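One structure is given below, encoded as structure tokens.
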Amino acid sequence: MCQGRTRVAVVGRLVVIEGLDGSGKRTLGAALTEAFQRRGAKVAQHAFPRYGDSVHADLVSDALHGRLGDVADSVHSMAVLFALDRHGARDALLRDLEDFDVVLVDRYIASNAAYQAARLHQDEHGEIVEWIRQLEVERFGLPVPDRQLLLRVPVDLAATRAETRDRVRDTYEKDGGLQARCSAVYDGLARVGWLAPWQVLDGSGDQDFEQLSGTLLADA
Ligand SMILES: Nc1ncnc2c1ncn2[C@@H]1O[C@H](COP(=O)(O)OP(=O)(O)O)[C@@H](O)[C@H]1O
Ligand SMILES: Cc1cn([C@H]2C[C@H](O)[C@@H](COP(=O)(O)OP(=O)(O)O)O2)c(=O)[nH]c1=O
């Protein structure tokens, strides 16, 4: 509720980057941010899970590295931890949507939908996908994206890129079958326009960041 203050109109566009582990989301986010800034747009960046900043994200990390007993075995428990991490960032996201032209988010609600559906061998119409939408959008009140960018790369290429990074791979990253099913769910979510409009980008080639940033701003 707004008490004693004028409600400020949301001006920012919530742009989400989605894709497999190692698909190049972080790299795309950095390049896109620079392209937005060259156009004079004010950009705020967020990334989920918020490892190091959120107790829920740190529990996710523990679970994904086998340090949380059987929590990682429960798909719904993992979905709730990821969702609680975002719930903790809700106010900051809403504030940034008031103060910035673009709020660029590396992984968001669709990551939860894609990975948990893949774990349960469900597709984009699966029960867990709708359960996550109800939890995160309706119950937690998280803002719905304006645009979701799916950075699509062949599963093998994403795995190779993920392996070359200098850090320990987690349970999901080590599971090639999960990544392949996840890729298929992402394709399905994009096809049906789940939650918000999607734009599929070919992550194995070069991106035209200037053109992409222009389109994303012009769509407002
Ligand atoms: N378009 C690209 N071409 C070649 N290598 C890339 C490209 N995008 C990302 N990489 C490399 O792949 C690895 C994973 O990229 P990153 O952006 O960290 O992926 P993600 O955030 O999706 O896990 C990094 O080493 C990065 O330098
Ligand atoms: C944000 C999010 C990530 N995930 C998955 C995707 C990844 O496999 C894993 C960890 O996220 P990831 O972005 O890969 O973290 P990092 O690259 O820093 O290790 O969690 C979900 O299942 N649900 C979510 O809501």
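Please note that chains go A, B, ... in the order of the structure tokens, that every chain numbers its residues from 1, and that ligands are numbered from 1 in the order shown.
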
Selection near range 108-124 of chain A, 9 Å with only C-alpha atoms, sequence-local residues under 2 positions removed, as JSON, numbers by chain: {"A": [16, 17, 18, 19, 20, 47, 48, 49, 75, 76, 78, 79, 82, 83, 86, 105, 106, 126, 127, 128, 129, 130, 131, 132, 133, 136, 137, 142, 144, 145, 148, 172, 177, 178, 179, 180, 181, 182, 183, 184, 185, 186, 187, 188, 189, 190, 192, 194, 195]}

Please produce, as a Markdown table, a per-residue contact table for chain A versus ligand 1 (criterion: any atom at most 8 Å away, only C-alpha atoms and all ligand atoms considered), showing the nearest atom pair and its distance in Å to one decimal, sorted by chain then residue number.
```
| residue | atom | partner | partner_atom_place_in_ligand_line | distance |
| --- | --- | --- | --- | --- |
| A:Glu18 | CA | ligand 1 | 22 (O) | 7.9 |
| A:Gly19 | CA | ligand 1 | 22 (O) | 6.3 |
| A:Leu20 | CA | ligand 1 | 22 (O) | 6.1 |
| A:Asp21 | CA | ligand 1 | 23 (O) | 4.3 |
| A:Gly22 | CA | ligand 1 | 23 (O) | 3.5 |
| A:Ser23 | CA | ligand 1 | 22 (O) | 4.0 |
| A:Gly24 | CA | ligand 1 | 17 (O) | 3.3 |
| A:Lys25 | CA | ligand 1 | 22 (O) | 3.7 |
| A:Arg26 | CA | ligand 1 | 17 (O) | 3.7 |
| A:Thr27 | CA | ligand 1 | 17 (O) | 3.7 |
| A:Leu28 | CA | ligand 1 | 17 (O) | 6.4 |
| A:Gly29 | CA | ligand 1 | 17 (O) | 7.9 |
| A:Asp106 | CA | ligand 1 | 21 (O) | 7.6 |
| A:Ala158 | CA | ligand 1 | 14 (C) | 7.3 |
| A:Arg161 | CA | ligand 1 | 12 (O) | 4.3 |
| A:Ala162 | CA | ligand 1 | 14 (C) | 5.4 |
| A:Thr164 | CA | ligand 1 | 25 (O) | 6.0 |
| A:Arg165 | CA | ligand 1 | 25 (O) | 5.4 |
| A:Gly203 | CA | ligand 1 | 1 (N) | 5.8 |
| A:Ser204 | CA | ligand 1 | 1 (N) | 5.8 |
| A:Gly205 | CA | ligand 1 | 1 (N) | 6.0 |
| A:Asp206 | CA | ligand 1 | 1 (N) | 5.9 |
| A:Gln207 | CA | ligand 1 | 1 (N) | 7.5 |
```

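Comparing A:Ser54, A:Thr160, A:Thr215, A:Thr171 by their smallest distance to ligand 2, the closest is A:Thr171 (using only C-alpha atoms and all ligand atoms).
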
Gap from CA of Asp62 in chain A to CA of Leu14 in chain A - Å, one decimal: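 Between CA of Asp62 in chain A and CA of Leu14 in chain A the gap works out to 29.1 Å.
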
Just the strand (DSSP E or B) stuff from range 102-218 of chain A, please, per backbone DSSP, written as a list in words.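 Put together, the selection reads Val102, Val103, Leu104, Val105, Asp106, Arg147, Gln148, Leu149, Leu150, Leu151, Arg152, Trp198, Gln199, Val200, Leu201 and Asp202 of chain A.
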
What separation in Å, quoted to one decimal, exists between CA of Ala44 in chain A and CA of Val103 in chain A? 4.8 Å

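When only C-alpha atoms are used to measure the gap to His46 in chain A, the shortest distance among A:Arg152, A:Phe209, A:Leu97, A:Ala63 belongs to A:Leu97.
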
Go through A:Lys42, A:Arg147, A:His125, A:His56 and flag the residue nearest ligand 2, using only C-alpha atoms and all ligand atoms for the distances. A:His56

Contacts of Arg13 in chain A within 9 Å, only C-alpha atoms, excl. fewer than 2 positions in-chain, as an mmCIF file with N, CA and C atoms, in the first residue's frame:
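Result file is out_11.cif:
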```cif
data_model
loop_
_atom_site.group_PDB
_atom_site.id
_atom_site.type_symbol
_atom_site.label_atom_id
_atom_site.label_comp_id
_atom_site.auth_asym_id
_atom_site.auth_seq_id
_atom_site.Cartn_x
_atom_site.Cartn_y
_atom_site.Cartn_z
ATOM 1 N N VAL A 10 5.726 3.194 -13.009
ATOM 2 C CA VAL A 10 6.833 2.335 -13.403
ATOM 3 C C VAL A 10 7.234 2.702 -14.823
ATOM 4 N N VAL A 11 8.497 3.071 -14.989
ATOM 5 C CA VAL A 11 8.942 3.459 -16.323
ATOM 6 C C VAL A 11 9.817 2.394 -16.956
ATOM 7 N N VAL A 15 13.565 -6.792 -18.592
ATOM 8 C CA VAL A 15 14.064 -7.673 -19.654
ATOM 9 C C VAL A 15 14.846 -8.818 -19.009
ATOM 10 N N LEU A 97 12.484 -0.575 -11.183
ATOM 11 C CA LEU A 97 11.593 -0.343 -12.321
ATOM 12 C C LEU A 97 11.060 1.085 -12.318
ATOM 13 N N PHE A 100 14.891 3.195 -13.252
ATOM 14 C CA PHE A 100 15.742 2.901 -14.412
ATOM 15 C C PHE A 100 14.894 2.682 -15.665
ATOM 16 N N ASP A 101 15.533 2.860 -16.809
ATOM 17 C CA ASP A 101 14.827 2.627 -18.068
ATOM 18 C C ASP A 101 14.704 1.127 -18.362
ATOM 19 N N VAL A 102 15.775 0.413 -18.007
ATOM 20 C CA VAL A 102 15.791 -1.038 -18.251
ATOM 21 C C VAL A 102 16.267 -1.746 -16.994
ATOM 22 N N VAL A 103 15.546 -2.769 -16.587
ATOM 23 C CA VAL A 103 16.012 -3.644 -15.507
ATOM 24 C C VAL A 103 16.293 -4.992 -16.169
ATOM 25 N N LEU A 104 17.594 -5.313 -16.243
ATOM 26 C CA LEU A 104 18.039 -6.501 -16.965
ATOM 27 C C LEU A 104 18.320 -7.615 -15.959
ATOM 28 N N PRO A 145 7.801 -10.043 -16.506
ATOM 29 C CA PRO A 145 8.732 -9.407 -17.463
ATOM 30 C C PRO A 145 8.001 -8.753 -18.629
ATOM 31 N N ASP A 146 8.678 -7.774 -19.241
ATOM 32 C CA ASP A 146 8.181 -7.231 -20.505
ATOM 33 C C ASP A 146 8.667 -8.085 -21.664
ATOM 34 N N ARG A 147 9.867 -8.620 -21.519
ATOM 35 C CA ARG A 147 10.441 -9.437 -22.595
ATOM 36 C C ARG A 147 11.362 -10.487 -22.002
ATOM 37 N N LEU A 216 14.532 -3.515 -28.142
ATOM 38 C CA LEU A 216 13.983 -3.698 -26.802
ATOM 39 C C LEU A 216 13.506 -2.377 -26.213
ATOM 40 N N LEU A 217 14.196 -1.291 -26.533
ATOM 41 C CA LEU A 217 13.767 0.020 -26.021
ATOM 42 C C LEU A 217 12.560 0.533 -26.807
ATOM 43 N N ALA A 220 8.781 -0.337 -26.063
ATOM 44 C CA ALA A 220 8.140 0.148 -24.828
ATOM 45 C C ALA A 220 6.779 0.771 -25.101
#
```

Selected residue, from A:Pro154, A:Gly176, A:Gly214, A:Gly193, that lies nearest to ligand 2 when counting only C-alpha atoms and all ligand atoms: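 Smallest distance to ligand 2 is found for A:Gly176.
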
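Of the residues listed (A:Leu81, A:Leu150, A:Ala92, A:Gly141), A:Leu150 shows the shortest atom-to-atom separation from Pro197 in chain A; distances use only C-alpha atoms.
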
Here is a test: counting only C-alpha atoms and all ligand atoms, which residue of A:Val153, A:Val55, A:Val168, A:Leu94 is nearest to ligand 2? A:Val168

Figure out the distance between CA of Gly69 in chain A and atom 23 (N, counted along the ligand's line) of ligand 2, please, to one decimal in Å. 18.6 Å
